[in-house]
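Okay, final_24.txt is below, compact mmCIF, C-alpha atoms:
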```txt
# COMPACT_ATOMS: atom_id res chain seq x y z
CA MET A 186 -1.73 -12.73 -34.21
CA ASP A 187 -4.23 -10.84 -32.08
CA MET A 188 -3.75 -7.35 -30.69
CA ASN A 189 -5.92 -4.94 -28.67
CA GLY A 190 -5.37 -1.30 -27.80
CA GLU A 191 -6.87 2.01 -26.76
CA GLN A 192 -5.85 5.57 -27.62
CA ARG A 193 -7.09 8.79 -26.06
CA ILE A 194 -7.49 11.57 -28.62
CA PRO A 195 -7.67 15.05 -27.06
CA THR A 196 -10.78 16.34 -28.81
CA GLY A 197 -14.44 15.48 -29.29
CA GLN A 198 -15.75 12.50 -31.22
CA GLN A 199 -17.20 14.55 -34.11
CA ALA A 200 -13.89 16.42 -34.62
CA VAL A 201 -12.01 13.10 -34.62
CA TRP A 202 -14.50 11.64 -37.10
CA GLU A 203 -14.10 14.64 -39.44
CA ALA A 204 -10.29 14.59 -39.27
CA LEU A 205 -10.28 10.87 -39.99
CA ASN A 206 -12.34 11.61 -43.11
CA ASP A 207 -9.68 13.99 -44.44
CA LEU A 208 -7.31 12.14 -46.79
CA GLU A 209 -4.66 14.85 -46.52
CA VAL A 210 -4.64 14.63 -42.71
CA LEU A 211 -4.33 10.86 -42.87
CA LYS A 212 -1.57 10.89 -45.48
CA ALA A 213 0.38 13.40 -43.37
CA CYS A 214 -0.03 11.36 -40.17
CA ILE A 215 0.60 7.78 -41.35
CA PRO A 216 4.35 7.11 -41.17
CA GLY A 217 5.75 6.30 -44.62
CA CYS A 218 2.42 6.85 -46.42
CA ASP A 219 2.95 7.54 -50.12
CA SER A 220 -0.68 7.58 -51.24
CA ILE A 221 -4.28 6.92 -50.28
CA GLU A 222 -6.76 6.43 -53.11
CA LYS A 223 -10.51 6.09 -52.80
CA VAL A 224 -11.81 3.22 -54.94
CA SER A 225 -15.39 3.29 -53.63
CA ASP A 226 -17.30 4.31 -50.52
CA THR A 227 -16.11 1.12 -48.82
CA GLU A 228 -12.70 0.51 -50.42
CA HIS A 229 -9.36 2.35 -50.50
CA HIS A 230 -5.91 1.54 -51.83
CA VAL A 231 -2.91 2.57 -49.72
CA THR A 232 0.78 2.61 -50.62
CA LEU A 233 3.38 3.05 -47.88
CA THR A 234 7.02 2.36 -47.16
CA ALA A 235 7.87 0.56 -43.91
CA ALA A 236 11.09 -0.71 -42.38
CA VAL A 237 11.63 -3.28 -39.64
CA GLY A 238 15.30 -3.69 -38.88
CA PRO A 239 17.09 -4.61 -42.11
CA VAL A 240 13.85 -5.27 -44.01
CA LYS A 241 12.46 -2.23 -45.84
CA ALA A 242 9.74 -2.42 -48.47
CA LYS A 243 6.98 -0.54 -50.23
CA PHE A 244 3.62 -2.07 -49.36
CA LYS A 245 0.54 -1.84 -51.52
CA GLY A 246 -2.71 -2.74 -49.88
CA ARG A 247 -6.47 -2.78 -50.03
CA MET A 248 -8.88 -2.06 -47.20
CA HIS A 249 -12.59 -2.87 -47.21
CA LEU A 250 -15.07 -1.50 -44.66
CA ASP A 251 -18.07 -3.34 -43.22
CA ASP A 252 -20.54 -2.80 -40.37
CA LEU A 253 -20.21 1.00 -40.49
CA LYS A 254 -21.93 2.85 -37.62
CA PRO A 255 -20.81 6.49 -38.05
CA PRO A 256 -19.35 8.07 -35.96
CA HIS A 257 -19.06 5.12 -33.56
CA SER A 258 -17.59 1.95 -35.08
CA TYR A 259 -16.70 -0.20 -38.08
CA ARG A 260 -15.03 -3.44 -39.11
CA ILE A 261 -12.27 -3.40 -41.69
CA GLY A 262 -10.69 -6.18 -43.70
CA PHE A 263 -7.19 -5.60 -45.04
CA GLU A 264 -4.57 -7.24 -47.19
CA GLY A 265 -1.21 -5.89 -48.28
CA GLN A 266 1.79 -7.05 -50.28
CA GLY A 267 5.40 -5.94 -49.86
CA GLY A 268 6.94 -8.15 -52.54
CA VAL A 269 9.58 -10.53 -51.18
CA ALA A 270 9.51 -8.62 -47.88
CA GLY A 271 6.17 -10.16 -46.99
CA PHE A 272 2.42 -9.80 -46.75
CA ALA A 273 -0.30 -9.13 -44.19
CA LYS A 274 -4.01 -9.90 -44.16
CA GLY A 275 -6.70 -9.82 -41.53
CA GLU A 276 -9.35 -7.65 -39.97
CA ALA A 277 -9.75 -5.00 -37.30
CA GLN A 278 -12.70 -3.84 -35.20
CA VAL A 279 -12.50 -0.12 -34.32
CA ALA A 280 -14.73 1.92 -32.00
CA LEU A 281 -14.81 5.61 -31.06
CA LYS A 282 -16.55 6.81 -27.92
CA PRO A 283 -16.66 10.15 -26.15
CA ASP A 284 -14.91 10.49 -22.79
CA GLY A 285 -15.52 13.97 -21.46
CA ALA A 286 -13.91 16.39 -23.91
CA ASP A 287 -11.75 13.58 -25.35
CA THR A 288 -12.41 10.57 -27.57
CA LEU A 289 -11.32 7.01 -26.86
CA MET A 290 -10.40 4.86 -29.85
CA ASN A 291 -10.49 1.13 -29.06
CA TYR A 292 -9.27 -1.47 -31.54
CA THR A 293 -8.90 -5.24 -31.86
CA VAL A 294 -6.82 -6.70 -34.68
CA HIS A 295 -6.46 -10.24 -35.97
CA ALA A 296 -3.75 -10.65 -38.65
CA GLN A 297 -1.56 -13.14 -40.48
CA VAL A 298 1.85 -12.27 -41.98
CA GLY A 299 4.49 -14.00 -44.04
CA GLY A 300 7.69 -13.49 -45.98
CA LYS A 301 11.00 -12.02 -44.78
CA LEU A 302 9.25 -9.85 -42.20
CA ALA A 303 8.07 -12.98 -40.41
CA GLN A 304 11.74 -13.84 -39.79
CA VAL A 305 12.60 -10.59 -37.96
CA GLY A 306 12.98 -10.87 -34.17
CA SER A 307 10.06 -10.05 -31.89
CA ARG A 308 11.89 -7.28 -30.00
CA LEU A 309 12.64 -5.47 -33.24
CA ILE A 310 9.06 -5.89 -34.42
CA ASP A 311 7.62 -4.72 -31.09
CA ALA A 312 9.83 -1.62 -31.15
CA ALA A 313 8.94 -0.81 -34.77
CA ALA A 314 5.20 -1.29 -34.14
CA LYS A 315 5.29 0.96 -31.08
CA LYS A 316 7.27 3.60 -32.97
CA LEU A 317 4.80 3.62 -35.90
CA ALA A 318 1.77 3.85 -33.62
CA ASP A 319 3.38 6.62 -31.52
CA GLU A 320 4.32 8.60 -34.65
CA PHE A 321 0.81 8.35 -36.07
CA PHE A 322 -1.02 9.33 -32.88
CA ASN A 323 1.43 12.16 -32.09
CA ALA A 324 0.97 13.63 -35.57
CA PHE A 325 -2.80 13.05 -35.56
CA ASN A 326 -3.28 14.55 -32.08
CA ALA A 327 -1.20 17.61 -33.04
CA ARG A 328 -3.43 18.19 -36.08
CA VAL A 329 -6.76 17.45 -34.41
CA ALA A 330 -6.42 19.17 -31.01
CA PRO A 331 -5.93 22.73 -32.33
CA ALA A 332 -8.83 22.24 -34.75
CA ALA A 333 -11.23 21.15 -32.00
CA ALA A 334 -12.39 24.68 -31.12
CA GLU A 335 -12.84 25.52 -34.80
CA ALA A 336 -14.79 22.31 -35.45
CA ALA A 337 -17.09 22.98 -32.49
CA ALA A 338 -17.85 26.48 -33.79
CA ALA A 339 -18.63 25.32 -37.35
CA PRO A 340 -19.36 21.58 -37.44
CA LYS A 341 -19.32 19.94 -40.86
CA PRO A 342 -21.28 16.80 -41.67
CA ALA A 343 -19.19 13.81 -42.73
CA ALA A 344 -19.84 12.58 -46.26
CA GLY A 345 -19.43 9.04 -47.52
CA VAL A 346 -17.31 6.51 -45.70
CA PRO A 347 -15.12 8.21 -43.10
CA ILE A 348 -11.50 8.31 -44.08
CA TRP A 349 -10.50 7.78 -40.45
CA VAL A 350 -11.72 4.26 -40.92
CA TRP A 351 -9.19 3.79 -43.70
CA ILE A 352 -6.35 5.34 -41.76
CA ALA A 353 -7.08 3.51 -38.54
CA ALA A 354 -7.20 0.31 -40.55
CA ALA A 355 -3.90 1.09 -42.26
CA ILE A 356 -2.26 1.72 -38.92
CA ALA A 357 -3.83 -1.40 -37.46
CA ALA A 358 -2.59 -3.39 -40.46
CA ILE A 359 0.96 -2.04 -40.11
CA VAL A 360 1.04 -2.67 -36.38
CA ALA A 361 -0.54 -6.10 -36.89
CA LEU A 362 2.04 -6.93 -39.53
CA LEU A 363 4.86 -5.93 -37.22
CA PHE A 364 3.45 -7.76 -34.18
CA ALA A 365 2.60 -10.88 -36.14
CA MET A 366 6.21 -11.26 -37.19
CA ARG A 367 7.30 -11.93 -33.60
```
Rewrite the coordinates I just gave you, this time as structure tokens.
Amino acid sequence: MDMNGEQRIPTGQQAVWEALNDLEVLKACIPGCDSIEKVSDTEHHVTLTAAVGPVKAKFKGRMHLDDLKPPHSYRIGFEGQGGVAGFAKGEAQVALKPDGADTLMNYTVHAQVGGKLAQVGSRLIDAAAKKLADEFFNAFNARVAPAAAEAAAAPKPAAGVPIWVWIAAAIAAIVALLFAMR
């Protein structure tokens, strides 16, 4: 399964980068996210609950970052298990670029899925993937946009691997899992 997309985030690139490095912001914005744990500068563990039609499961996954070019781009590998509900593995390429006062986030995902989720109909999967992506970006935009003026007045340097990389990867993995089950 391959998927491409673009999201406009209504604030500057540095503010987006900083918000995506905040684990609390990410946990609050990712639908069904139970936990995000930093393992190292390039690895995080994520636990979340997701439902597609009659199939609902708790997924535990690992994300690994490569080719980091803060605050512009990265490549992320991911794998997640949802028990008998299924699994997902693959990689995503994510890029941020300024567009006036906004930031454009472009992503390309390649994923493989299996298990019960792979048996769910494509319309149901498409609807669930769209809903998850919409929920994340609505919550993220609501948190980031009001903070844009504050961030511009007192910019903070990002430390370590940006958390936005982990969150974007988690969202890409969830959406990829849902789309791959078509």
Practice item. Counting only C-alpha atoms, select every polymer residue within 8 Å of (7.2, -10.4, -49.4) as defined in the file's coordinates, and provide the selection as an NGL selection string. Key: :A and (266-272 or 299-302)
Review point. Leaving out Lys282 of chain A and any residue of its chain fewer than 4 positions from it, which residues lie within 7 Å of it when counting all atoms listed in the file, given as an NGL selection string?
Key: :A and (198 or 257 or 288-290)
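When all atoms listed in the file are used to measure the gap to Ala303 of chain A, the shortest distance among A:Leu250, A:Ala280, A:Val237, A:Ala213 belongs to A:Val237.
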Grab all the atoms of segment 309-326 of chain A that the file lists, wrap them in a box along x, y and z, add 8 Å per side, and give me centre plus edge lengths in Å (one decimal) as JSON.
```
{"center_x": 4.7, "center_y": 4.3, "center_z": -33.6, "size_x": 31.9, "size_y": 36.4, "size_z": 21.0}
```
Review point. Atom CA of Ser258 of chain A to atom CA of Ala235 of chain A: how many Å, to one decimal?
Key: 27.0 Å
Generate N, CA and C atoms for segment 288-302 of chain A and emit them as a short mmCIF file (atom, residue, chain, number, x, y, z; two decimals), in the frame of the given file.
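Below is the file that was written, out_12.cif:
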```cif
data_model
loop_
_atom_site.label_atom_id
_atom_site.label_comp_id
_atom_site.auth_asym_id
_atom_site.auth_seq_id
_atom_site.Cartn_x
_atom_site.Cartn_y
_atom_site.Cartn_z
N THR A 288 -11.83 11.73 -26.89
CA THR A 288 -12.41 10.57 -27.57
C THR A 288 -11.51 9.38 -27.33
N LEU A 289 -12.09 8.25 -26.99
CA LEU A 289 -11.32 7.01 -26.86
C LEU A 289 -11.50 6.19 -28.13
N MET A 290 -10.38 5.75 -28.70
CA MET A 290 -10.40 4.86 -29.85
C MET A 290 -9.94 3.50 -29.37
N ASN A 291 -10.82 2.50 -29.43
CA ASN A 291 -10.49 1.13 -29.06
C ASN A 291 -10.39 0.30 -30.33
N TYR A 292 -9.42 -0.62 -30.36
CA TYR A 292 -9.27 -1.47 -31.54
C TYR A 292 -8.84 -2.88 -31.16
N THR A 293 -9.29 -3.83 -31.97
CA THR A 293 -8.90 -5.24 -31.86
C THR A 293 -8.51 -5.68 -33.26
N VAL A 294 -7.33 -6.29 -33.38
CA VAL A 294 -6.82 -6.70 -34.68
C VAL A 294 -6.50 -8.19 -34.67
N HIS A 295 -6.86 -8.86 -35.74
CA HIS A 295 -6.46 -10.24 -35.97
C HIS A 295 -5.77 -10.25 -37.33
N ALA A 296 -4.51 -10.71 -37.39
CA ALA A 296 -3.75 -10.65 -38.65
C ALA A 296 -2.86 -11.86 -38.83
N GLN A 297 -2.53 -12.11 -40.10
CA GLN A 297 -1.56 -13.14 -40.48
C GLN A 297 -0.51 -12.45 -41.34
N VAL A 298 0.77 -12.83 -41.16
CA VAL A 298 1.85 -12.27 -41.98
C VAL A 298 2.75 -13.37 -42.49
N GLY A 299 3.54 -13.04 -43.50
CA GLY A 299 4.49 -14.00 -44.04
C GLY A 299 5.61 -13.29 -44.77
N GLY A 300 6.56 -14.06 -45.26
CA GLY A 300 7.69 -13.49 -45.98
C GLY A 300 8.86 -13.19 -45.06
N LYS A 301 9.80 -12.37 -45.55
CA LYS A 301 11.00 -12.02 -44.78
C LYS A 301 10.67 -11.35 -43.45
N LEU A 302 9.61 -10.55 -43.44
CA LEU A 302 9.25 -9.85 -42.20
C LEU A 302 8.93 -10.83 -41.08
#
```
